[in-house]
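Student: Compact mmCIF, C-alpha atoms and all ligand atoms, saved as work_35.txt, coming up:
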```
# COMPACT_ATOMS: atom_id res chain seq x y z
CA MET A 150 -4.82 20.96 -55.61
CA ALA A 151 -3.03 18.70 -53.22
CA ARG A 152 -4.97 16.04 -51.46
CA SER A 153 -5.19 16.38 -47.75
CA ASN A 154 -5.98 13.90 -45.05
CA GLN A 155 -9.66 13.38 -44.68
CA VAL A 156 -9.53 12.17 -41.13
CA LYS A 157 -7.61 13.12 -38.04
CA PRO A 158 -4.64 10.93 -37.25
CA ALA A 159 -4.29 9.63 -33.74
CA VAL A 160 -2.49 11.93 -31.31
CA THR A 161 1.16 11.07 -31.21
CA THR A 162 2.93 10.23 -27.96
CA VAL A 163 6.46 10.96 -29.10
CA SER A 164 8.32 12.41 -26.17
CA GLY A 165 11.48 14.46 -26.07
CA SER A 166 13.40 11.90 -24.10
CA TYR A 167 13.53 9.51 -27.04
CA THR A 168 14.92 11.90 -29.59
CA SER A 169 18.59 11.39 -28.79
CA ASN A 170 20.52 10.54 -31.91
CA VAL A 171 23.65 9.46 -30.10
CA PHE A 172 23.00 5.80 -30.74
CA GLU A 173 21.17 6.19 -33.98
CA ALA A 174 22.20 3.53 -36.41
CA PRO A 175 20.72 4.00 -39.91
CA ILE A 176 20.41 0.81 -41.84
CA THR A 177 21.06 0.62 -45.55
CA LEU A 178 18.09 -0.91 -47.20
CA ASP A 179 17.82 -3.04 -50.32
CA ASP A 180 14.64 -3.13 -52.38
CA GLU A 181 13.73 -6.62 -51.30
CA THR A 182 13.84 -5.79 -47.59
CA ALA A 183 12.00 -2.53 -48.18
CA ASN A 184 9.25 -4.49 -49.91
CA ILE A 185 9.03 -6.92 -47.03
CA TYR A 186 8.60 -4.03 -44.59
CA LEU A 187 5.95 -2.42 -46.78
CA THR A 188 4.07 -5.69 -47.07
CA HIS A 189 3.97 -5.85 -43.26
CA LEU A 190 2.63 -2.31 -43.08
CA ARG A 191 -0.07 -3.07 -45.66
CA LYS A 192 -1.12 -6.26 -43.86
CA TYR A 193 -1.26 -4.33 -40.60
CA VAL A 194 -3.41 -1.57 -42.15
CA SER A 195 -5.75 -4.08 -43.77
CA ARG A 196 -6.35 -5.75 -40.40
CA LYS A 197 -7.25 -2.43 -38.79
CA PHE A 198 -10.97 -1.87 -38.92
CA CYS A 199 -10.82 1.90 -39.21
CA TYR A 200 -7.74 2.33 -41.37
CA HIS A 201 -7.96 2.88 -45.10
CA SER A 202 -5.37 1.15 -47.26
CA ASP A 203 -4.86 3.90 -49.88
CA ALA A 204 -1.97 5.56 -48.06
CA ALA A 205 -0.22 2.26 -47.39
CA ALA A 206 -0.54 1.38 -51.07
CA GLU A 207 1.42 4.51 -51.94
CA ALA A 208 3.94 4.20 -49.13
CA LYS A 209 7.66 4.41 -49.86
CA ILE A 210 10.30 3.75 -47.25
CA ILE A 211 12.82 6.53 -46.85
CA LYS A 212 14.83 5.60 -43.76
CA VAL A 213 15.29 2.67 -41.37
CA ILE A 214 16.98 2.98 -37.98
CA GLY A 215 17.76 0.22 -35.51
CA ARG A 216 16.24 0.90 -32.09
CA VAL A 217 16.08 -0.94 -28.81
CA ALA A 218 13.80 -1.28 -25.79
CA PHE A 219 14.34 -3.08 -22.50
CA LYS A 220 12.31 -4.59 -19.72
CA ILE A 221 14.09 -4.39 -16.38
CA ASP A 222 12.93 -6.37 -13.38
CA ILE A 223 14.60 -5.78 -10.04
CA TRP A 224 13.79 -7.83 -6.96
CA THR A 225 15.25 -7.34 -3.49
CA LEU A 226 14.96 -9.68 -0.53
CA ILE A 227 14.22 -7.45 2.45
CA GLU A 228 14.99 -8.51 5.99
CA LYS A 229 13.49 -6.95 9.05
CA ARG A 230 15.27 -7.96 12.25
CA TRP A 231 14.45 -7.32 15.86
CA ILE A 232 15.30 -8.57 19.34
CA LYS A 233 12.88 -10.27 21.67
CA SER A 234 13.77 -10.79 25.32
CA ILE A 235 12.70 -14.10 26.88
CA SER A 236 12.61 -14.83 30.64
CA SER A 237 12.49 -18.15 32.51
CA PRO A 238 13.29 -19.35 36.05
CA TYR A 239 17.04 -19.55 36.55
CA LYS A 240 18.37 -23.11 36.79
CA ASN A 241 22.14 -22.74 37.04
CA GLU A 242 22.66 -22.05 33.33
CA GLU A 243 25.83 -20.44 32.00
CA THR A 244 25.40 -16.67 31.80
CA PRO A 245 27.92 -15.07 29.46
CA GLY A 246 25.74 -11.93 29.41
CA LYS A 247 26.92 -10.60 26.06
CA THR A 248 25.04 -7.73 24.49
CA VAL A 249 23.81 -7.66 20.89
CA GLU A 250 25.99 -5.28 18.89
CA ASN A 251 24.88 -5.17 15.28
CA LEU A 252 21.82 -7.21 14.48
CA PHE A 253 22.71 -7.23 10.81
CA ASP A 254 26.24 -8.52 11.23
CA GLU A 255 26.11 -11.56 8.99
CA GLU A 256 29.21 -13.11 10.53
CA ILE A 257 27.66 -13.28 13.95
CA TYR A 258 24.01 -13.66 13.05
CA ASN A 259 24.09 -15.73 9.94
CA LEU A 260 20.70 -16.61 8.53
CA LYS A 261 20.81 -18.52 5.28
CA ALA A 262 19.26 -16.76 2.29
CA ASP A 263 19.51 -18.67 -0.97
CA THR A 264 17.08 -16.88 -3.21
CA THR A 265 15.79 -13.34 -3.64
CA VAL A 266 12.25 -14.08 -4.74
CA VAL A 267 10.07 -15.51 -1.96
CA GLN A 268 6.30 -15.78 -1.65
CA GLY A 269 4.66 -13.61 1.00
CA ASN A 270 6.38 -13.18 4.35
CA GLN A 271 8.91 -15.63 5.73
CA ILE A 272 9.45 -15.51 9.48
CA GLY A 273 11.97 -17.18 11.74
CA HIS A 274 14.14 -16.68 14.81
CA ILE A 275 17.39 -17.81 16.37
CA ILE A 276 18.13 -18.11 20.08
CA LEU A 277 21.21 -16.24 21.29
CA PRO A 278 22.55 -18.26 24.30
CA GLU A 279 25.57 -15.96 24.56
CA THR A 280 23.23 -13.20 25.75
CA GLN A 281 22.01 -15.23 28.76
CA LYS A 282 22.21 -13.36 32.04
CA LYS A 283 20.99 -13.87 35.59
CA ILE A 284 18.85 -11.19 37.18
CA SER A 285 17.15 -10.99 40.53
CA CYS A 286 13.46 -11.94 40.49
CA THR A 287 11.39 -8.80 40.82
CA ALA A 288 8.23 -10.69 41.79
CA CYS A 289 9.74 -11.95 45.07
CA ARG A 290 12.60 -9.45 45.38
CA GLY A 291 15.06 -12.29 45.02
CA GLU A 292 13.74 -14.22 47.99
CA GLY A 293 12.10 -17.08 46.14
CA LYS A 294 8.96 -16.72 48.23
CA LYS A 295 6.23 -14.19 48.82
CA PRO A 296 4.06 -13.49 51.86
CA CYS A 297 0.82 -15.47 51.73
CA GLY A 298 -1.98 -13.28 50.47
CA SER A 299 -4.64 -15.32 52.26
CA CYS A 300 -3.42 -15.18 55.88
CA LYS A 301 -1.12 -12.23 55.31
CA GLY A 302 1.58 -14.25 57.06
CA VAL A 303 -0.19 -14.04 60.40
CA VAL A 304 -0.19 -17.51 61.89
CA ASP A 305 -2.54 -17.78 64.84
CA GLN A 306 -2.57 -21.23 66.49
CA ASN A 307 -6.09 -20.62 67.78
CA LEU A 308 -7.55 -20.11 64.32
CA LYS A 309 -8.06 -22.62 61.54
CA PRO A 310 -4.72 -23.38 59.80
CA CYS A 311 -4.22 -21.47 56.47
CA SER A 312 -4.89 -23.87 53.60
CA LYS A 313 -3.00 -21.71 51.06
CA CYS A 314 0.42 -21.67 52.74
CA ASN A 315 -0.06 -24.51 55.21
CA SER A 316 0.29 -21.82 57.87
CA SER A 317 3.91 -21.21 56.89
CA GLY A 318 3.03 -17.59 56.09
CA TYR A 319 4.78 -17.75 52.70
CA LEU A 320 4.08 -18.96 49.20
CA SER A 321 6.71 -20.15 46.70
CA CYS A 322 7.37 -17.60 43.92
CA SER A 323 5.89 -18.92 40.69
CA LYS A 324 8.08 -16.66 38.53
CA CYS A 325 11.50 -17.91 39.65
CA LEU A 326 10.32 -21.23 41.10
CA THR A 327 12.00 -20.39 44.45
CA SER A 328 15.47 -19.77 43.02
CA GLY A 329 15.10 -16.01 43.51
CA ASN A 330 16.66 -15.45 40.08
CA ILE A 331 15.47 -15.16 36.51
CA LEU A 332 17.34 -16.22 33.39
CA GLN A 333 17.04 -13.63 30.64
CA ARG A 334 18.14 -14.26 27.07
CA ASN A 335 17.59 -12.69 23.70
CA GLU A 336 16.19 -14.12 20.54
CA MET A 337 16.73 -12.57 17.16
CA HIS A 338 13.54 -12.51 15.09
CA CYS A 339 13.51 -12.03 11.38
CA LYS A 340 10.88 -11.38 8.72
CA ARG A 341 11.66 -11.59 5.01
CA TYR A 342 9.78 -10.47 1.93
CA THR A 343 10.52 -9.56 -1.65
CA LEU A 344 10.17 -6.14 -3.27
CA HIS A 345 9.77 -5.96 -7.04
CA SER A 346 10.02 -3.10 -9.51
CA LEU A 347 9.76 -2.78 -13.27
CA THR A 348 10.88 -0.24 -15.89
CA TYR A 349 10.99 -0.12 -19.68
CA PRO A 350 13.85 2.08 -20.87
CA LYS A 351 14.07 2.60 -24.64
CA ASN A 352 15.35 4.93 -27.32
CA ILE A 353 12.09 4.96 -29.27
CA PHE A 354 8.44 5.80 -28.58
CA LEU A 355 7.14 2.24 -28.15
CA PRO A 356 4.65 2.13 -25.23
CA ASP A 357 5.53 0.03 -22.19
CA GLU A 358 2.61 -2.34 -22.71
CA CYS A 359 3.87 -3.19 -26.21
CA ILE A 360 7.27 -4.07 -24.77
CA GLU A 361 5.57 -6.14 -22.08
CA LYS A 362 3.41 -8.04 -24.57
CA SER A 363 5.99 -8.54 -27.29
CA ASN A 364 7.17 -12.07 -27.96
CA GLY A 365 10.43 -10.72 -29.37
CA LYS A 366 12.24 -10.05 -26.12
CA ILE A 367 15.52 -11.86 -25.60
CA GLU A 368 17.54 -12.28 -22.41
CA PHE A 369 20.16 -9.59 -21.92
CA PHE A 370 21.14 -10.18 -18.30
CA GLU A 371 20.05 -12.19 -15.26
CA ASP A 372 21.65 -12.73 -11.88
CA ASP A 373 20.60 -13.38 -8.29
CA VAL A 374 23.23 -12.38 -5.69
CA LEU A 375 23.86 -11.57 -2.05
CA TYR A 376 23.58 -7.82 -1.49
CA GLU A 377 26.91 -6.00 -1.46
CA GLY A 378 26.11 -2.33 -1.18
CA GLU A 379 24.09 0.72 -2.09
CA SER A 380 25.79 1.25 -5.41
CA PHE A 381 23.66 -0.78 -7.78
CA TRP A 382 26.61 -1.73 -9.97
CA SER A 383 28.71 -3.13 -7.13
CA ASN A 384 26.16 -5.92 -6.80
CA PHE A 385 26.34 -7.09 -10.40
CA ASP A 386 29.98 -7.33 -11.49
CA SER A 387 29.69 -7.34 -15.23
CA LEU A 388 26.44 -5.48 -15.82
CA GLU A 389 27.65 -1.92 -16.17
CA SER A 390 30.30 -2.75 -18.75
CA ARG A 391 27.80 -5.02 -20.47
CA ILE A 392 25.42 -2.08 -20.97
CA LYS A 393 28.19 0.22 -22.12
CA GLU A 394 29.50 -2.29 -24.64
CA ASP A 395 26.42 -4.16 -25.86
CA SER A 396 23.49 -1.79 -25.64
CA PRO A 397 22.80 0.88 -28.25
CA HIS A 398 20.89 2.73 -25.54
CA ASP A 399 22.52 3.77 -22.27
CA PHE A 400 19.89 3.15 -19.58
CA ARG A 401 22.22 3.12 -16.58
CA ASN A 402 20.58 6.19 -15.03
CA VAL A 403 17.14 4.53 -15.39
CA ILE A 404 18.25 1.43 -13.55
CA GLU A 405 19.94 3.48 -10.80
CA LYS A 406 16.79 5.51 -10.26
CA GLN A 407 14.62 2.40 -10.32
CA PHE A 408 16.73 0.83 -7.61
CA LYS A 409 16.89 3.98 -5.51
CA ASP A 410 13.19 4.88 -5.69
CA ASN A 411 11.68 1.43 -5.32
CA HIS A 412 14.13 -0.39 -3.09
CA LEU A 413 16.75 1.71 -1.28
CA SER A 414 14.28 4.39 -0.25
CA LYS A 415 12.01 1.78 1.36
CA MET A 416 14.65 0.82 3.92
CA ASN A 417 14.65 2.01 7.53
CA LYS A 418 16.52 1.31 10.76
CA SER A 419 15.16 -2.18 11.21
CA THR A 420 15.36 -3.35 7.59
CA ARG A 421 18.13 -4.27 5.22
CA ILE A 422 18.43 -5.58 1.70
CA ARG A 423 19.79 -9.09 1.90
CA ARG A 424 19.77 -10.32 -1.70
CA MET A 425 19.13 -8.86 -5.13
CA LYS A 426 17.98 -10.21 -8.44
CA CYS A 427 18.06 -8.36 -11.73
CA LYS A 428 16.65 -9.55 -15.01
CA ILE A 429 16.93 -7.54 -18.21
CA GLN A 430 15.26 -8.42 -21.48
CA ARG A 431 16.01 -6.72 -24.75
CA LEU A 432 13.69 -5.99 -27.65
CA ASP A 433 15.19 -4.91 -30.96
CA LEU A 434 13.13 -2.73 -33.26
CA PHE A 435 13.24 -1.04 -36.61
CA GLU A 436 12.06 2.55 -36.76
CA ILE A 437 10.84 2.86 -40.33
CA ASP A 438 10.13 6.26 -41.89
CA TYR A 439 7.98 6.41 -44.99
CA GLN A 440 6.19 8.82 -47.27
CA ALA A 441 2.76 8.12 -48.64
CA GLY A 442 2.11 10.07 -51.81
CA ASP A 443 1.48 13.64 -50.80
CA TYR A 444 -0.27 12.91 -47.53
CA THR A 445 0.87 15.24 -44.80
CA ASN A 446 1.57 14.24 -41.24
CA LYS A 447 -0.63 16.26 -38.92
CA ALA A 448 0.20 14.33 -35.80
CA ASN A 449 3.93 14.58 -35.75
CA THR A 450 5.94 17.00 -37.87
CA GLN A 451 9.32 16.45 -36.20
CA LYS A 452 10.66 14.58 -39.18
CA GLY A 453 9.11 16.81 -41.80
CA PRO A 454 5.58 17.37 -43.09
CA ASN A 455 5.38 14.26 -45.27
CA VAL A 456 7.14 11.70 -43.11
CA PHE A 457 5.32 8.95 -41.22
CA THR A 458 6.80 6.29 -38.97
CA PHE A 459 6.03 2.77 -37.94
CA LEU A 460 7.93 0.43 -35.65
CA LEU A 461 8.57 -3.15 -36.60
CA TYR A 462 9.63 -5.65 -33.94
CA GLY A 463 8.82 -9.04 -32.51
CA HIS A 464 9.93 -12.63 -32.43
CA ASP A 465 9.82 -13.35 -36.12
CA ILE A 466 10.44 -10.04 -37.78
CA LYS A 467 10.54 -11.52 -41.29
CA ASN A 468 7.26 -13.37 -41.16
CA LYS A 469 5.11 -12.33 -38.25
CA PRO A 470 6.32 -8.99 -36.95
CA GLU A 471 4.56 -6.79 -34.46
CA ILE A 472 3.86 -3.23 -35.55
CA PHE A 473 3.29 -0.03 -33.63
CA GLU A 474 2.49 3.36 -35.14
CA ASN A 475 0.38 6.37 -34.24
CA ASP A 476 0.46 8.64 -37.25
CA TYR A 477 -0.93 6.63 -40.16
CA PRO A 478 -2.53 9.18 -42.51
CA LEU A 479 -5.85 7.43 -43.08
CA ASN A 480 -6.80 6.53 -39.59
CA SER A 481 -10.15 7.47 -38.16
CA CYS A 482 -9.05 5.97 -34.84
CA GLY A 483 -12.39 4.23 -34.63
CA CYS A 484 -14.36 7.30 -33.57
CA PHE A 485 -16.56 7.47 -36.60
CA GLY A 486 -16.95 3.88 -37.54
CA HIS A 487 -16.18 1.93 -40.64
CA GLY A 488 -16.04 3.94 -43.84
CA CYS A 489 -14.74 7.14 -42.32
CA ALA A 490 -11.08 6.46 -42.94
CA CYS A 491 -11.41 7.24 -46.57
CA ARG A 492 -11.38 10.08 -49.00
CA SER A 493 -15.05 9.89 -49.85
CA LYS A 494 -17.04 13.09 -49.94
CA CYS A 495 -19.19 12.18 -46.99
CA CYS A 496 -16.15 12.19 -44.80
CA SER A 497 -14.55 15.58 -44.48
CA ILE A 498 -13.06 15.59 -41.04
CA SER A 499 -9.60 17.05 -41.22
ZN ZN A 501 10.72 -14.99 42.47
ZN ZN A 502 -1.20 -18.40 54.41
```
What would you get if you wrote out this structure as structure tokens?
Ligand SMILES: [Zn+2]
Ligand SMILES: [Zn+2]

Tutor:
Amino acid sequence: MARSNQVKPAVTTVSGSYTSNVFEAPITLDDETANIYLTHLRKYVSRKFCYHSDAAAEAKIIKVIGRVAFKIDIWTLIEKRWIKSISSPYKNEETPGKTVENLFDEEIYNLKADTTVVQGNQIGHIILPETQKKISCTACRGEGKKPCGSCKGVVDQNLKPCSKCNSSGYLSCSKCLTSGNILQRNEMHCKRYTLHSLTYPKNIFLPDECIEKSNGKIEFFEDDVLYEGESFWSNFDSLESRIKEDSPHDFRNVIEKQFKDNHLSKMNKSTRIRRMKCKIQRLDLFEIDYQAGDYTNKANTQKGPNVFTFLLYGHDIKNKPEIFENDYPLNSCGCFGHGCACRSKCCSIS
């Protein structure tokens, strides 16, 4: 009678989106490398409290495929711009009276922006003297003076003189300081902040947090540029061809969606993207299929009833690799404590 697993393997998280074989690159394996991989698996199993080593002891590697995962950071520097109108008494200033056409025209309203990532909100403004115009003072109807509120402008020689207006009947207008006119000009105000988004595209079932934590990521791309347009690729000259040529996994649609959903869609009439930064890190992995005696895989039968898989990756893949798997045959996943991940008679969960 064939042995069967005594304990339930962990539920697998393999998803359909990672099953594309387009970029599959099987690796021919020599015995020495196979033994190194198996040693890593056995060390990994022995460190796991609720895993039993029997299956790992019998493991035989049947296939190795190169896989890849990425961490993509996108930052955008967002600018909100608005106009504030400022009034002051008119004092013979020049009044070109120009109107503000397009607030976001960088040639006219050039605010320096050197970097995409800023802390918190940055605020600032520029005065626009070309918008200065002269308007009649509404407080005094352009007369520069207003009737005295105290004596109502009635000057009676027989009464006490009015102390407010010195019995002139009028008070100077405090708004226009007697000129009868107001100078109006615009200021452009600006608030800046950074939006950030993160995705982990991959052609294998490694969880995002493993990609995040791994010390094996290497730089694939990084640039910080002035924003050119809504097409993501127009902002980063070489990136699209870089992905097509150098990446075994085509994640262009992921990056486009990331940009659209987390950055472009957050814009409105008063905001614009001013700068963009993109950083992409790459993590190379081995997807290693193995058989372990006649143990059957109850978690994931996609590759056949007797095939199990672990992923090997990390900074130093030869000596200190990181491992991820979720279908090891003798895994009690910690539910039943030490001693359950075994084939002893007291443990018959299957
Ligand atoms: Zn006035
Ligand atoms: Zn008065």

Student: Go through A:Thr348, A:Asn475, A:Thr458, A:Ser328 one by one, measure the shortest atom-to-atom distance of each to A:Leu187 using all atoms listed in the file, and give the residue with the smallest value.

Tutor: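 Answer, going by the shortest atom-to-atom distance: A:Thr458.
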
Student: Taking all atoms listed in the file into account, which residues have an atom no farther than 6 Å from ligand ZN 502 (chain A)? I'd like them as a list of chain:residue names.

Tutor: A:Cys297, A:Ser299, A:Cys300, A:Gly302, A:Cys311, A:Lys313, A:Cys314, A:Ser316, A:Gly318

Student: Could you write out the selected residues, including C-alpha atoms, as a PDB file, in the coordinates of the input?

Tutor:
```pdb
ATOM      1  CA  CYS A 297       0.820 -15.470  51.730  1.00  0.00           C
ATOM      2  CA  SER A 299      -4.640 -15.320  52.260  1.00  0.00           C
ATOM      3  CA  CYS A 300      -3.420 -15.180  55.880  1.00  0.00           C
ATOM      4  CA  GLY A 302       1.580 -14.250  57.060  1.00  0.00           C
ATOM      5  CA  CYS A 311      -4.220 -21.470  56.470  1.00  0.00           C
ATOM      6  CA  LYS A 313      -3.000 -21.710  51.060  1.00  0.00           C
ATOM      7  CA  CYS A 314       0.420 -21.670  52.740  1.00  0.00           C
ATOM      8  CA  SER A 316       0.290 -21.820  57.870  1.00  0.00           C
ATOM      9  CA  GLY A 318       3.030 -17.590  56.090  1.00  0.00           C
TER      10      GLY A 318
END
```

Student: Please identify all polymer residues within 9 Å of A:Lys282, counting all atoms listed in the file, omitting same-chain residues fewer than 6 positions from it, and present them as a PyMOL selection string.

Tutor: chain A and resi 242-247+331-334

Student: Using all atoms listed in the file, pick whichever of A:Ser202, A:Thr420, A:Asn455, A:Ser285 has the shortest atom-to-atom distance to A:Thr188.

Tutor: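 Of A:Ser202, A:Thr420, A:Asn455, A:Ser285, the one nearest A:Thr188 is A:Ser202, counting all atoms listed in the file.
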
Student: What is the atom CA of A:Lys393 to atom CA of A:Phe408 distance in Å?

Tutor: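 Answer for the atom CA of A:Lys393 to atom CA of A:Phe408 separation: 18.5 Å.
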
Student: Name the residues, by chain letter and number, that sit within 10 Å of ligand ZN 501 (chain A) using all atoms listed in the file, and give them as a PDB file with C-alpha atoms, in the frame of the given file.

Tutor:
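Result file selection-v1.pdb:
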```pdb
ATOM      1  CA  PRO A 238      13.290 -19.350  36.050  1.00  0.00           C
ATOM      2  CA  TYR A 239      17.040 -19.550  36.550  1.00  0.00           C
ATOM      3  CA  SER A 285      17.150 -10.990  40.530  1.00  0.00           C
ATOM      4  CA  CYS A 286      13.460 -11.940  40.490  1.00  0.00           C
ATOM      5  CA  THR A 287      11.390  -8.800  40.820  1.00  0.00           C
ATOM      6  CA  ALA A 288       8.230 -10.690  41.790  1.00  0.00           C
ATOM      7  CA  CYS A 289       9.740 -11.950  45.070  1.00  0.00           C
ATOM      8  CA  ARG A 290      12.600  -9.450  45.380  1.00  0.00           C
ATOM      9  CA  GLY A 291      15.060 -12.290  45.020  1.00  0.00           C
ATOM     10  CA  GLU A 292      13.740 -14.220  47.990  1.00  0.00           C
ATOM     11  CA  GLY A 293      12.100 -17.080  46.140  1.00  0.00           C
ATOM     12  CA  LYS A 294       8.960 -16.720  48.230  1.00  0.00           C
ATOM     13  CA  LYS A 295       6.230 -14.190  48.820  1.00  0.00           C
ATOM     14  CA  SER A 321       6.710 -20.150  46.700  1.00  0.00           C
ATOM     15  CA  CYS A 322       7.370 -17.600  43.920  1.00  0.00           C
ATOM     16  CA  SER A 323       5.890 -18.920  40.690  1.00  0.00           C
ATOM     17  CA  LYS A 324       8.080 -16.660  38.530  1.00  0.00           C
ATOM     18  CA  CYS A 325      11.500 -17.910  39.650  1.00  0.00           C
ATOM     19  CA  LEU A 326      10.320 -21.230  41.100  1.00  0.00           C
ATOM     20  CA  THR A 327      12.000 -20.390  44.450  1.00  0.00           C
ATOM     21  CA  SER A 328      15.470 -19.770  43.020  1.00  0.00           C
ATOM     22  CA  GLY A 329      15.100 -16.010  43.510  1.00  0.00           C
ATOM     23  CA  ASN A 330      16.660 -15.450  40.080  1.00  0.00           C
ATOM     24  CA  ILE A 331      15.470 -15.160  36.510  1.00  0.00           C
TER      25      ILE A 331
END
```

Student: To one decimal in Å, tell me the separation between atom CA of A:Pro478 and atom CA of A:Ile210.

Tutor: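 These two atoms are separated by 14.7 Å.
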
Student: Which of these, A:Tyr200, A:Phe459, A:Leu388, A:Pro470, has the shortest distance to A:Ile437 once you count all atoms listed in the file?

Tutor: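 For A:Ile437, the nearest of the given residues is A:Phe459.
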
Student: Record the distance separating atom CA of A:Ile272 and atom CA of A:Lys229, expressed in Å with one decimal.

Tutor: 9.5 Å

Student: Which residue out of A:Asn259, A:Ser234, A:Gln430, A:Asn480 has the minimum interatomic distance to A:Lys220 when all atoms listed in the file are used?

Tutor: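 Result for the nearest residue to A:Lys220: A:Gln430.
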
Student: I'd like the contact shell of A:Ile227 - 9 Å cut-off, only C-alpha atoms, skipping same-chain residues fewer than 3 positions apart - returned as a list in words.

Tutor: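 Within the cut-off, the hits are Thr265, Lys340, Arg341, Tyr342, Thr343, Leu344, His412, Met416, Thr420, Arg421, Ile422, Arg423 and Arg424 of chain A.
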
Student: Kindly save the residues from that selection, with C-alpha atoms included, as a PDB file, in the coordinates of the input.

Tutor:
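In the end it all went to again.pdb:
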```
ATOM      1  CA  THR A 265      15.790 -13.340  -3.640  1.00  0.00           C
ATOM      2  CA  LYS A 340      10.880 -11.380   8.720  1.00  0.00           C
ATOM      3  CA  ARG A 341      11.660 -11.590   5.010  1.00  0.00           C
ATOM      4  CA  TYR A 342       9.780 -10.470   1.930  1.00  0.00           C
ATOM      5  CA  THR A 343      10.520  -9.560  -1.650  1.00  0.00           C
ATOM      6  CA  LEU A 344      10.170  -6.140  -3.270  1.00  0.00           C
ATOM      7  CA  HIS A 412      14.130  -0.390  -3.090  1.00  0.00           C
ATOM      8  CA  MET A 416      14.650   0.820   3.920  1.00  0.00           C
ATOM      9  CA  THR A 420      15.360  -3.350   7.590  1.00  0.00           C
ATOM     10  CA  ARG A 421      18.130  -4.270   5.220  1.00  0.00           C
ATOM     11  CA  ILE A 422      18.430  -5.580   1.700  1.00  0.00           C
ATOM     12  CA  ARG A 423      19.790  -9.090   1.900  1.00  0.00           C
ATOM     13  CA  ARG A 424      19.770 -10.320  -1.700  1.00  0.00           C
TER      14      ARG A 424
END
```

Student: With a distance cut-off of 9 Å and all atoms listed in the file, select the neighbouring residues of A:Val456, excluding the residue or stretch itself and same-chain residues fewer than 2 positions from it, and output the selection as an MDAnalysis selection string.

Tutor: chainID A and resid 211 438:441 444:446 449:454 458

Student: Those same residues, written as a PDB file, in the frame of the given file with C-alpha atoms?

Tutor:
```pdb
ATOM      1  CA  ILE A 211      12.820   6.530 -46.850  1.00  0.00           C
ATOM      2  CA  ASP A 438      10.130   6.260 -41.890  1.00  0.00           C
ATOM      3  CA  TYR A 439       7.980   6.410 -44.990  1.00  0.00           C
ATOM      4  CA  GLN A 440       6.190   8.820 -47.270  1.00  0.00           C
ATOM      5  CA  ALA A 441       2.760   8.120 -48.640  1.00  0.00           C
ATOM      6  CA  TYR A 444      -0.270  12.910 -47.530  1.00  0.00           C
ATOM      7  CA  THR A 445       0.870  15.240 -44.800  1.00  0.00           C
ATOM      8  CA  ASN A 446       1.570  14.240 -41.240  1.00  0.00           C
ATOM      9  CA  ASN A 449       3.930  14.580 -35.750  1.00  0.00           C
ATOM     10  CA  THR A 450       5.940  17.000 -37.870  1.00  0.00           C
ATOM     11  CA  GLN A 451       9.320  16.450 -36.200  1.00  0.00           C
ATOM     12  CA  LYS A 452      10.660  14.580 -39.180  1.00  0.00           C
ATOM     13  CA  GLY A 453       9.110  16.810 -41.800  1.00  0.00           C
ATOM     14  CA  PRO A 454       5.580  17.370 -43.090  1.00  0.00           C
ATOM     15  CA  THR A 458       6.800   6.290 -38.970  1.00  0.00           C
TER      16      THR A 458
END
```

Student: Compare A:Asp357, A:Phe253, A:Cys199, A:His345 by their minimum atom-to-atom distance to A:Gln268, counting all atoms listed in the file, and give me the closest one.

Tutor: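 Nearest candidate to A:Gln268 out of A:Asp357, A:Phe253, A:Cys199, A:His345: A:His345.
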
Student: Find the residue from A:Ile353, A:Leu277, A:Ala262, A:Ile221 that sits nearest to A:Phe370; use all atoms listed in the file when measuring.

Tutor: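 For A:Phe370, the nearest of the candidates is A:Ile221.
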